[in-house]
Amino acid sequence: MGITSHDVARLAGVSQPTVSRALRDDPRVSEATREKVRRAARALNYVPSEAGRTLSTRATRRVGVIVTDLTNPFYPHVVAPLHDELSSLGYRMMLITERSDEAVAEERLLDQSMDGVVLATATTDSRLPAQLERRGMPYVFLNRDTGRAGDFASVVDNEGGGRLVARELVALGHRRIAGVFGAANTTTGREREMGFRLALAEAGVGLPEDRVVRGAFEYDTGYRALPALLEADEAPTAVFCGNDVVAIGVLNAALAAGVKVPDDLTVIGFDDLPMAAWEVFRLTTVRHDLRELSRQAARLLVRRIAKDVDPAGERLVLPTEFVPRATHAHAR
């Protein structure tokens, strides 16, 4: 038979329940006793049974993270810090990848194998949040939410970021402006477009629908959008893109079409992914703290699991800033 917590208890001279509490760093156990138990566990090469812990505490210390678009370069930059923060809080992360929220079987999330869920690619029409709510499964949104009151979310000031871009373009003298935005059923796409439109309107600049493209936050959306925009009677002198990945698609389409950036066309992204600063792109964009976005989500979920949150919801919003690089210029 293998080493058990009872063996550790005998060696440490404490009770078996004390061993369990000490190895969970329960504050009710003194630090001296916890250290004595740890020394005994190391001496016996004892590894606590996760299944046993689950039975005794009814907590798995596991968190599911749902990402439906892992091929998008944005998500690895938020998943890694999310993993690290959850680990520092004593939780293990389980990555669940599906093509859509609807494809995530409810049973996978509600079979008592997880204490909570992070929704990283939610859409405004997803039914999954309501299913989780009905079953009492704690969850938080990361980056996107539903836009409704009562959400628990770590998000970006998308509307404010869109306003920053519009004001910059107007100050540069651009009037023929286009937008390649995210899908209308995402809060990131909707809010960035809304902030952009509002700031343009305040400056007396229109954004006609024939200069607007909406689609998935992916390279192909930008690459396919630009040729159609350039064929308009009055081609745009500037394009605001829903994220950096879309903007890189626009940059490559411009290169293929012989359009010089920024001399002929200004291109601005959103998110400031590390690749946006690469010399090959030097993309002008909108920055927010990607790592803090994830850390906030992890801490909020752990607090929600512990029922240490405002029951009316908590929406944590990170600020944005304009990052000028090499893909913007004055209108000609």
# chains A, B, ... in the order shown; residues from 1 in each chain; ligands from 1
>>> residues_around(residues="Ala203 (chain A)", least_positions_apart="6", cutoff="12 Å", atoms="only C-alpha atoms", output="PyMOL selection string")
chain A and resi 163+166-171+173-175+196-197
>>> write_last_selection(atoms="N, CA and C atoms", output="JSON list (two decimals), in the first residue's frame")
[["chain", "number", "residue", "atom", "x", "y", "z"],
["A", 163, "ARG", "N", -12.67, 55.90, -29.42],
["A", 163, "ARG", "CA", -12.67, 57.37, -29.44],
["A", 163, "ARG", "C", -11.25, 57.92, -29.65],
["A", 166, "ALA", "N", -10.39, 57.72, -33.37],
["A", 166, "ALA", "CA", -11.12, 58.68, -34.18],
["A", 166, "ALA", "C", -10.54, 60.09, -34.02],
["A", 167, "ARG", "N", -10.26, 60.47, -32.79],
["A", 167, "ARG", "CA", -9.72, 61.81, -32.56],
["A", 167, "ARG", "C", -8.35, 61.98, -33.21],
["A", 168, "GLU", "N", -7.54, 60.94, -33.17],
["A", 168, "GLU", "CA", -6.22, 61.01, -33.78],
["A", 168, "GLU", "C", -6.34, 61.16, -35.30],
["A", 169, "LEU", "N", -7.23, 60.40, -35.91],
["A", 169, "LEU", "CA", -7.40, 60.48, -37.36],
["A", 169, "LEU", "C", -7.91, 61.84, -37.79],
["A", 170, "VAL", "N", -8.85, 62.38, -37.05],
["A", 170, "VAL", "CA", -9.38, 63.71, -37.36],
["A", 170, "VAL", "C", -8.27, 64.76, -37.24],
["A", 171, "ALA", "N", -7.47, 64.64, -36.19],
["A", 171, "ALA", "CA", -6.37, 65.59, -35.99],
["A", 171, "ALA", "C", -5.34, 65.51, -37.12],
["A", 173, "GLY", "N", -6.13, 65.07, -40.14],
["A", 173, "GLY", "CA", -6.76, 65.60, -41.34],
["A", 173, "GLY", "C", -7.52, 64.59, -42.17],
["A", 174, "HIS", "N", -7.70, 63.38, -41.68],
["A", 174, "HIS", "CA", -8.42, 62.36, -42.45],
["A", 174, "HIS", "C", -9.93, 62.62, -42.40],
["A", 175, "ARG", "N", -10.56, 62.48, -43.55],
["A", 175, "ARG", "CA", -12.01, 62.61, -43.64],
["A", 175, "ARG", "C", -12.63, 61.39, -44.34],
["A", 196, "PHE", "N", -15.76, 54.80, -31.81],
["A", 196, "PHE", "CA", -15.17, 55.38, -33.02],
["A", 196, "PHE", "C", -16.19, 56.27, -33.73],
["A", 197, "ARG", "N", -17.39, 55.73, -33.92],
["A", 197, "ARG", "CA", -18.44, 56.48, -34.62],
["A", 197, "ARG", "C", -18.83, 57.75, -33.86]]
>>> closest_atom_pairs(of="region 14-94 of chain A", to="region 217-239 of chain A", cutoff="10 Å", atoms="only C-alpha atoms", output="CSV")
residue,atom,partner,partner_atom,distance
A:Asp69,CA,A:Phe217,CA,9.3
A:Thr71,CA,A:Glu218,CA,8.9
A:Asn72,CA,A:Glu218,CA,6.6
A:Pro73,CA,A:Glu218,CA,8.9
A:Phe74,CA,A:Phe217,CA,9.4
>>> select_by_dssp(residues="region 50-210 of chain A", states="helix (DSSP H, G or I)", output="JSON, numbers by chain")
{"A": [50, 51, 52, 53, 54, 55, 56, 57, 76, 77, 78, 79, 80, 81, 82, 83, 84, 85, 86, 87, 88, 101, 102, 103, 106, 107, 108, 109, 128, 129, 130, 131, 132, 133, 134, 158, 159, 160, 161, 162, 163, 164, 165, 166, 167, 168, 169, 170, 171, 187, 188, 189, 190, 191, 192, 193, 194, 195, 196, 197, 198, 199, 200, 201, 202, 209, 210]}
>>> write_last_selection(atoms="C-alpha atoms", output="compact mmCIF listing (two decimals), in the first residue's frame")
# COMPACT_ATOMS: atom_id res chain seq x y z
CA GLU A 50 -6.64 15.38 -5.25
CA ALA A 51 -9.67 13.10 -5.28
CA GLY A 52 -9.57 12.87 -1.50
CA ARG A 53 -9.36 16.62 -1.18
CA THR A 54 -12.34 17.00 -3.46
CA LEU A 55 -14.42 14.64 -1.36
CA SER A 56 -13.54 16.36 1.89
CA THR A 57 -13.83 19.98 0.72
CA PRO A 76 -2.19 32.82 -26.11
CA HIS A 77 -1.21 36.22 -24.68
CA VAL A 78 -4.12 36.16 -22.24
CA VAL A 79 -4.27 32.42 -21.51
CA ALA A 80 -0.67 32.22 -20.26
CA PRO A 81 -1.01 34.95 -17.57
CA LEU A 82 -4.43 33.56 -16.67
CA HIS A 83 -2.82 30.18 -16.01
CA ASP A 84 -0.06 31.77 -13.92
CA GLU A 85 -2.45 33.83 -11.80
CA LEU A 86 -4.80 30.92 -11.16
CA SER A 87 -1.82 28.78 -10.19
CA SER A 88 -0.65 31.40 -7.71
CA ASP A 101 -19.87 28.33 -27.02
CA GLU A 102 -22.84 26.30 -28.21
CA ALA A 103 -20.55 23.35 -28.95
CA GLU A 106 -23.08 21.60 -20.63
CA GLU A 107 -22.23 18.29 -18.98
CA ARG A 108 -18.50 18.99 -19.37
CA LEU A 109 -18.85 22.11 -17.22
CA LEU A 128 -23.96 29.26 -22.13
CA PRO A 129 -23.83 32.01 -19.43
CA ALA A 130 -27.52 31.51 -18.66
CA GLN A 131 -27.01 27.74 -18.43
CA LEU A 132 -24.14 28.21 -15.98
CA GLU A 133 -26.18 30.70 -13.94
CA ARG A 134 -29.13 28.32 -13.65
CA ASN A 158 -13.31 49.49 -25.87
CA GLU A 159 -15.46 52.54 -26.47
CA GLY A 160 -12.77 54.82 -25.06
CA GLY A 161 -10.15 53.18 -27.27
CA GLY A 162 -12.31 53.71 -30.35
CA ARG A 163 -12.67 57.37 -29.44
CA LEU A 164 -8.89 57.74 -29.15
CA VAL A 165 -8.40 56.48 -32.70
CA ALA A 166 -11.12 58.68 -34.18
CA ARG A 167 -9.72 61.81 -32.56
CA GLU A 168 -6.22 61.01 -33.78
CA LEU A 169 -7.40 60.48 -37.36
CA VAL A 170 -9.38 63.71 -37.36
CA ALA A 171 -6.37 65.59 -35.99
CA THR A 187 -19.06 43.48 -27.21
CA THR A 188 -15.48 44.17 -28.30
CA GLY A 189 -16.58 44.69 -31.90
CA ARG A 190 -19.69 46.65 -31.03
CA GLU A 191 -18.13 48.94 -28.42
CA ARG A 192 -15.00 49.79 -30.41
CA GLU A 193 -17.15 50.71 -33.40
CA MET A 194 -19.53 52.74 -31.24
CA GLY A 195 -16.77 54.80 -29.62
CA PHE A 196 -15.17 55.38 -33.02
CA ARG A 197 -18.44 56.48 -34.62
CA LEU A 198 -19.40 58.78 -31.75
CA ALA A 199 -16.07 60.62 -31.77
CA LEU A 200 -16.17 60.99 -35.57
CA ALA A 201 -19.70 62.37 -35.37
CA GLU A 202 -18.65 64.87 -32.72
CA GLU A 209 -21.81 51.92 -44.48
CA ASP A 210 -19.97 51.43 -47.77
>>> residues_around(residues="Ile268 (chain A)", least_positions_apart="6", cutoff="7 Å", atoms="only C-alpha atoms", output="list in words")
Val239, Phe240, Cys241, Ala247, Leu283, Thr284, Thr285 and Thr327 of chain A
>>> closest_residue(among="A:Leu290, A:Met114, A:Ala216, A:Leu251", to="Val63 (chain A)", atoms="only C-alpha atoms")
A:Met114
>>> atom_distance(atom1="CA of Gly313 (chain A)", atom2="CA of Met93 (chain A)")
23.2 Å
>>> select_by_dssp(residues="region 16-186 of chain A", states="strand (DSSP E)", output="MDAnalysis selection string")
chainID A and resid 62:67 92:97 116:119 139:143 152:156 177:182
>>> write_last_selection(atoms="N, CA and C atoms", output="mmCIF file, in the first residue's frame")
data_model
loop_
_atom_site.group_PDB
_atom_site.id
_atom_site.type_symbol
_atom_site.label_atom_id
_atom_site.label_comp_id
_atom_site.auth_asym_id
_atom_site.auth_seq_id
_atom_site.Cartn_x
_atom_site.Cartn_y
_atom_site.Cartn_z
ATOM 1 N N ARG A 62 -10.021 23.288 -9.565
ATOM 2 C CA ARG A 62 -9.839 23.363 -11.008
ATOM 3 C C ARG A 62 -10.769 24.418 -11.587
ATOM 4 N N VAL A 63 -10.273 25.115 -12.595
ATOM 5 C CA VAL A 63 -11.058 26.132 -13.285
ATOM 6 C C VAL A 63 -10.998 25.860 -14.784
ATOM 7 N N GLY A 64 -12.145 25.878 -15.427
ATOM 8 C CA GLY A 64 -12.204 25.708 -16.874
ATOM 9 C C GLY A 64 -12.100 27.047 -17.585
ATOM 10 N N VAL A 65 -11.374 27.072 -18.692
ATOM 11 C CA VAL A 65 -11.252 28.281 -19.518
ATOM 12 C C VAL A 65 -11.710 27.924 -20.922
ATOM 13 N N ILE A 66 -12.764 28.584 -21.380
ATOM 14 C CA ILE A 66 -13.330 28.283 -22.692
ATOM 15 C C ILE A 66 -12.829 29.292 -23.705
ATOM 16 N N VAL A 67 -12.153 28.799 -24.730
ATOM 17 C CA VAL A 67 -11.650 29.631 -25.823
ATOM 18 C C VAL A 67 -12.089 28.987 -27.128
ATOM 19 N N ARG A 92 -5.851 24.931 -10.627
ATOM 20 C CA ARG A 92 -5.325 24.404 -11.886
ATOM 21 C C ARG A 92 -6.273 24.785 -13.016
ATOM 22 N N MET A 93 -5.704 25.128 -14.144
ATOM 23 C CA MET A 93 -6.501 25.574 -15.279
ATOM 24 C C MET A 93 -6.696 24.439 -16.275
ATOM 25 N N MET A 94 -7.931 24.278 -16.736
ATOM 26 C CA MET A 94 -8.257 23.304 -17.773
ATOM 27 C C MET A 94 -8.749 24.081 -18.994
ATOM 28 N N LEU A 95 -8.015 23.985 -20.100
ATOM 29 C CA LEU A 95 -8.369 24.719 -21.315
ATOM 30 C C LEU A 95 -9.363 23.896 -22.129
ATOM 31 N N ILE A 96 -10.493 24.518 -22.454
ATOM 32 C CA ILE A 96 -11.543 23.871 -23.241
ATOM 33 C C ILE A 96 -11.674 24.634 -24.552
ATOM 34 N N THR A 97 -11.390 23.989 -25.660
ATOM 35 C CA THR A 97 -11.446 24.652 -26.957
ATOM 36 C C THR A 97 -12.532 24.018 -27.813
ATOM 37 N N GLY A 116 -15.223 26.572 -11.224
ATOM 38 C CA GLY A 116 -15.654 27.787 -11.907
ATOM 39 C C GLY A 116 -15.174 27.783 -13.343
ATOM 40 N N VAL A 117 -15.622 28.793 -14.099
ATOM 41 C CA VAL A 117 -15.347 28.844 -15.528
ATOM 42 C C VAL A 117 -15.001 30.281 -15.935
ATOM 43 N N VAL A 118 -14.002 30.422 -16.813
ATOM 44 C CA VAL A 118 -13.689 31.691 -17.453
ATOM 45 C C VAL A 118 -14.156 31.607 -18.906
ATOM 46 N N LEU A 119 -14.991 32.549 -19.316
ATOM 47 C CA LEU A 119 -15.497 32.593 -20.687
ATOM 48 C C LEU A 119 -14.697 33.655 -21.444
ATOM 49 N N TYR A 139 -18.820 31.858 -12.820
ATOM 50 C CA TYR A 139 -18.094 32.128 -14.055
ATOM 51 C C TYR A 139 -17.810 33.614 -14.156
ATOM 52 N N VAL A 140 -16.806 33.953 -14.957
ATOM 53 C CA VAL A 140 -16.520 35.351 -15.271
ATOM 54 C C VAL A 140 -16.199 35.448 -16.752
ATOM 55 N N PHE A 141 -16.399 36.639 -17.291
ATOM 56 C CA PHE A 141 -16.025 36.914 -18.674
ATOM 57 C C PHE A 141 -14.631 37.516 -18.713
ATOM 58 N N LEU A 142 -13.878 37.140 -19.737
ATOM 59 C CA LEU A 142 -12.557 37.713 -19.993
ATOM 60 C C LEU A 142 -12.557 38.340 -21.376
ATOM 61 N N ASN A 143 -12.295 39.644 -21.439
ATOM 62 C CA ASN A 143 -12.195 40.400 -22.685
ATOM 63 C C ASN A 143 -13.561 40.751 -23.271
ATOM 64 N N PHE A 152 -20.127 39.523 -14.455
ATOM 65 C CA PHE A 152 -18.851 39.528 -13.747
ATOM 66 C C PHE A 152 -17.786 39.429 -14.831
ATOM 67 N N ALA A 153 -17.027 40.499 -15.034
ATOM 68 C CA ALA A 153 -16.179 40.541 -16.215
ATOM 69 C C ALA A 153 -14.928 41.372 -15.994
ATOM 70 N N SER A 154 -13.854 40.970 -16.688
ATOM 71 C CA SER A 154 -12.628 41.751 -16.806
ATOM 72 C C SER A 154 -12.514 42.143 -18.275
ATOM 73 N N VAL A 155 -12.694 43.429 -18.556
ATOM 74 C CA VAL A 155 -12.763 43.888 -19.940
ATOM 75 C C VAL A 155 -11.923 45.150 -20.128
ATOM 76 N N VAL A 156 -11.927 45.633 -21.355
ATOM 77 C CA VAL A 156 -11.158 46.817 -21.750
ATOM 78 C C VAL A 156 -12.138 47.951 -22.033
ATOM 79 N N ILE A 177 -12.614 57.971 -44.117
ATOM 80 C CA ILE A 177 -12.164 56.986 -43.125
ATOM 81 C C ILE A 177 -13.013 55.729 -43.237
ATOM 82 N N ALA A 178 -12.368 54.561 -43.112
ATOM 83 C CA ALA A 178 -13.069 53.280 -43.146
ATOM 84 C C ALA A 178 -12.857 52.538 -41.828
ATOM 85 N N GLY A 179 -13.728 51.568 -41.591
ATOM 86 C CA GLY A 179 -13.599 50.736 -40.399
ATOM 87 C C GLY A 179 -13.757 49.263 -40.752
ATOM 88 N N VAL A 180 -12.833 48.440 -40.299
ATOM 89 C CA VAL A 180 -12.957 46.982 -40.430
ATOM 90 C C VAL A 180 -13.115 46.458 -39.007
ATOM 91 N N PHE A 181 -14.369 46.305 -38.598
ATOM 92 C CA PHE A 181 -14.685 46.039 -37.198
ATOM 93 C C PHE A 181 -14.929 44.547 -36.945
ATOM 94 N N GLY A 182 -15.000 44.209 -35.674
ATOM 95 C CA GLY A 182 -15.320 42.843 -35.281
ATOM 96 C C GLY A 182 -16.796 42.548 -35.476
#
>>> residues_around(residues="region 33-46 of chain A", least_positions_apart="3", cutoff="9 Å", atoms="only C-alpha atoms", output="PyMOL selection string")
chain A and resi 2-5+7-9+11-14+18-19+21-23+25-26+29-30
>>> write_last_selection(atoms="all heavy atoms", output="CSV table (one decimal), in the first residue's frame")
chain,number,residue,atom,x,y,z
A,2,GLY,N,0.4,2.3,-0.6
A,2,GLY,CA,1.1,3.6,-0.6
A,2,GLY,C,1.0,4.3,0.7
A,2,GLY,O,0.3,4.0,1.6
A,3,ILE,N,1.8,5.4,0.8
A,3,ILE,CA,1.9,6.2,1.9
A,3,ILE,C,0.6,7.0,2.0
A,3,ILE,O,0.1,7.5,1.0
A,3,ILE,CB,3.1,7.2,1.9
A,3,ILE,CG1,4.4,6.4,1.8
A,3,ILE,CG2,3.0,8.1,3.1
A,3,ILE,CD1,4.6,5.5,3.1
A,4,THR,N,0.0,7.1,3.2
A,4,THR,CA,-1.3,7.8,3.3
A,4,THR,C,-1.1,9.0,4.3
A,4,THR,O,-0.1,9.1,5.0
A,4,THR,CB,-2.4,6.9,3.9
A,4,THR,OG1,-2.1,6.6,5.3
A,4,THR,CG2,-2.5,5.6,3.1
A,5,SER,N,-2.1,9.8,4.4
A,5,SER,CA,-2.1,10.9,5.3
A,5,SER,C,-2.0,10.5,6.8
A,5,SER,O,-1.5,11.2,7.7
A,5,SER,CB,-3.3,11.8,5.1
A,5,SER,OG,-4.5,11.1,5.3
A,7,ASP,N,-0.1,8.0,7.8
A,7,ASP,CA,1.3,7.8,8.0
A,7,ASP,C,2.0,9.1,8.3
A,7,ASP,O,2.8,9.2,9.2
A,7,ASP,CB,1.9,7.1,6.8
A,7,ASP,CG,1.3,5.8,6.5
A,7,ASP,OD1,1.1,5.0,7.4
A,7,ASP,OD2,1.1,5.5,5.3
A,8,VAL,N,1.6,10.1,7.6
A,8,VAL,CA,2.2,11.5,7.8
A,8,VAL,C,1.8,12.0,9.2
A,8,VAL,O,2.6,12.5,9.9
A,8,VAL,CB,1.7,12.5,6.7
A,8,VAL,CG1,2.3,13.9,7.0
A,8,VAL,CG2,2.2,12.0,5.4
A,9,ALA,N,0.6,11.7,9.6
A,9,ALA,CA,0.1,12.2,10.9
A,9,ALA,C,0.9,11.5,12.0
A,9,ALA,O,1.3,12.2,13.0
A,9,ALA,CB,-1.4,11.9,11.0
A,11,LEU,N,4.0,10.3,11.9
A,11,LEU,CA,5.3,10.8,11.9
A,11,LEU,C,5.4,12.2,12.5
A,11,LEU,O,6.3,12.5,13.2
A,11,LEU,CB,5.9,10.8,10.5
A,11,LEU,CG,7.4,11.2,10.4
A,11,LEU,CD1,8.3,10.4,11.2
A,11,LEU,CD2,7.8,11.2,8.9
A,12,ALA,N,4.4,13.0,12.1
A,12,ALA,CA,4.4,14.4,12.6
A,12,ALA,C,3.8,14.6,14.0
A,12,ALA,O,4.0,15.6,14.6
A,12,ALA,CB,3.6,15.3,11.6
A,13,GLY,N,3.2,13.5,14.5
A,13,GLY,CA,2.6,13.6,15.9
A,13,GLY,C,1.4,14.4,15.9
A,13,GLY,O,1.1,15.1,17.0
A,14,VAL,N,0.6,14.4,14.9
A,14,VAL,CA,-0.7,15.2,14.9
A,14,VAL,C,-1.8,14.3,14.4
A,14,VAL,O,-1.5,13.1,14.0
A,14,VAL,CB,-0.5,16.4,13.9
A,14,VAL,CG1,0.5,17.4,14.5
A,14,VAL,CG2,-0.3,16.0,12.5
A,18,THR,N,-5.6,17.2,10.9
A,18,THR,CA,-4.6,18.3,10.9
A,18,THR,C,-3.7,18.3,9.7
A,18,THR,O,-3.3,19.3,9.2
A,18,THR,CB,-3.9,18.3,12.3
A,18,THR,OG1,-4.8,18.5,13.3
A,18,THR,CG2,-2.8,19.4,12.3
A,19,VAL,N,-3.3,17.0,9.4
A,19,VAL,CA,-2.5,16.9,8.2
A,19,VAL,C,-3.2,17.5,6.9
A,19,VAL,O,-2.6,18.2,6.2
A,19,VAL,CB,-2.1,15.4,7.9
A,19,VAL,CG1,-1.5,15.2,6.6
A,19,VAL,CG2,-1.2,14.9,9.0
A,21,ARG,N,-5.5,19.7,6.8
A,21,ARG,CA,-5.7,21.2,6.8
A,21,ARG,C,-4.3,21.8,6.6
A,21,ARG,O,-4.2,22.8,6.0
A,21,ARG,CB,-6.3,21.5,8.2
A,21,ARG,CG,-7.8,21.2,8.3
A,21,ARG,CD,-8.4,22.0,9.5
A,21,ARG,NE,-7.9,21.4,10.8
A,21,ARG,CZ,-8.6,20.4,11.4
A,21,ARG,NH1,-9.7,19.9,10.9
A,21,ARG,NH2,-8.1,19.9,12.5
A,22,ALA,N,-3.3,21.2,7.2
A,22,ALA,CA,-1.9,21.8,7.1
A,22,ALA,C,-1.4,21.9,5.6
A,22,ALA,O,-0.9,22.9,5.2
A,22,ALA,CB,-0.9,21.1,8.0
A,23,LEU,N,-1.7,20.8,4.9
A,23,LEU,CA,-1.2,20.7,3.5
A,23,LEU,C,-2.1,21.6,2.6
A,23,LEU,O,-1.7,21.8,1.4
A,23,LEU,CB,-1.2,19.3,3.0
A,23,LEU,CG,-0.2,18.4,3.8
A,23,LEU,CD1,-0.3,16.9,3.2
A,23,LEU,CD2,1.2,18.9,3.6
A,25,ASP,N,-2.7,24.6,3.7
A,25,ASP,CA,-2.3,25.9,4.2
A,25,ASP,C,-3.5,26.6,4.9
A,25,ASP,O,-3.7,27.8,4.8
A,25,ASP,CB,-1.8,26.8,3.1
A,25,ASP,CG,-0.4,26.4,2.7
A,25,ASP,OD1,0.4,25.9,3.6
A,25,ASP,OD2,0.0,26.6,1.5
A,26,ASP,N,-4.3,25.8,5.6
A,26,ASP,CA,-5.5,26.3,6.3
A,26,ASP,C,-4.9,27.2,7.5
A,26,ASP,O,-4.1,26.8,8.3
A,26,ASP,CB,-6.2,25.1,6.9
A,26,ASP,CG,-7.6,25.6,7.5
A,26,ASP,OD1,-7.6,26.6,8.2
A,26,ASP,OD2,-8.6,24.9,7.3
A,29,VAL,N,-4.4,26.3,11.2
A,29,VAL,CA,-3.3,25.5,11.7
A,29,VAL,C,-2.0,26.4,11.8
A,29,VAL,O,-1.7,27.2,10.9
A,29,VAL,CB,-2.9,24.4,10.7
A,29,VAL,CG1,-1.7,23.5,11.2
A,29,VAL,CG2,-4.2,23.5,10.6
A,30,SER,N,-1.3,26.4,12.9
A,30,SER,CA,-0.2,27.3,13.1
A,30,SER,C,0.9,27.0,12.1
A,30,SER,O,1.0,25.9,11.6
A,30,SER,CB,0.4,27.1,14.5
A,30,SER,OG,1.0,25.9,14.7
>>> closest_residue(among="A:Asp115, A:Asp272, A:Glu321, A:Asp125", to="Ile248 (chain A)", atoms="only C-alpha atoms")
A:Asp272
>>> atom_distance(atom1="CA of Arg282 (chain A)", atom2="CA of Pro262 (chain A)")
11.1 Å
>>> closest_residue(among="A:Thr121, A:Ser294, A:Thr266, A:Ser126", to="Ala326 (chain A)", atoms="only C-alpha atoms")
A:Thr266
>>> residues_around(residues="Asp289 (chain A)", least_positions_apart="2", cutoff="9 Å", atoms="only C-alpha atoms", output="PyMOL selection string")
chain A and resi 156+271-272+287+291-294+318-320
>>> decode(residues="region 172-219 of chain A", atoms="C-alpha atoms", output="compact mmCIF listing (two decimals), in the first residue's frame")
# COMPACT_ATOMS: atom_id res chain seq x y z
CA LEU A 172 -4.30 64.15 -38.85
CA GLY A 173 -6.76 65.60 -41.34
CA HIS A 174 -8.42 62.36 -42.45
CA ARG A 175 -12.01 62.61 -43.64
CA ARG A 176 -12.36 59.55 -45.89
CA ILE A 177 -12.16 56.99 -43.12
CA ALA A 178 -13.07 53.28 -43.15
CA GLY A 179 -13.60 50.74 -40.40
CA VAL A 180 -12.96 46.98 -40.43
CA PHE A 181 -14.68 46.04 -37.20
CA GLY A 182 -15.32 42.84 -35.28
CA ALA A 183 -18.55 40.87 -35.42
CA ALA A 184 -21.69 42.67 -34.27
CA ASN A 185 -22.45 39.91 -31.74
CA THR A 186 -19.30 40.66 -29.73
CA THR A 187 -19.06 43.48 -27.21
CA THR A 188 -15.48 44.17 -28.30
CA GLY A 189 -16.58 44.69 -31.90
CA ARG A 190 -19.69 46.65 -31.03
CA GLU A 191 -18.13 48.94 -28.42
CA ARG A 192 -15.00 49.79 -30.41
CA GLU A 193 -17.15 50.71 -33.40
CA MET A 194 -19.53 52.74 -31.24
CA GLY A 195 -16.77 54.80 -29.62
CA PHE A 196 -15.17 55.38 -33.02
CA ARG A 197 -18.44 56.48 -34.62
CA LEU A 198 -19.40 58.78 -31.75
CA ALA A 199 -16.07 60.62 -31.77
CA LEU A 200 -16.17 60.99 -35.57
CA ALA A 201 -19.70 62.37 -35.37
CA GLU A 202 -18.65 64.87 -32.72
CA ALA A 203 -16.00 66.12 -35.19
CA GLY A 204 -18.51 66.30 -38.03
CA VAL A 205 -17.02 63.33 -39.92
CA GLY A 206 -19.27 60.62 -41.30
CA LEU A 207 -18.69 56.89 -41.54
CA PRO A 208 -20.93 55.61 -44.36
CA GLU A 209 -21.81 51.92 -44.48
CA ASP A 210 -19.97 51.43 -47.77
CA ARG A 211 -16.76 52.11 -45.85
CA VAL A 212 -17.57 49.61 -43.07
CA VAL A 213 -16.77 45.89 -42.96
CA ARG A 214 -17.60 43.61 -40.04
CA GLY A 215 -16.31 40.12 -39.47
CA ALA A 216 -14.38 37.74 -37.27
CA PHE A 217 -11.34 39.08 -35.42
CA GLU A 218 -8.94 37.32 -37.76
CA TYR A 219 -6.35 37.98 -40.46
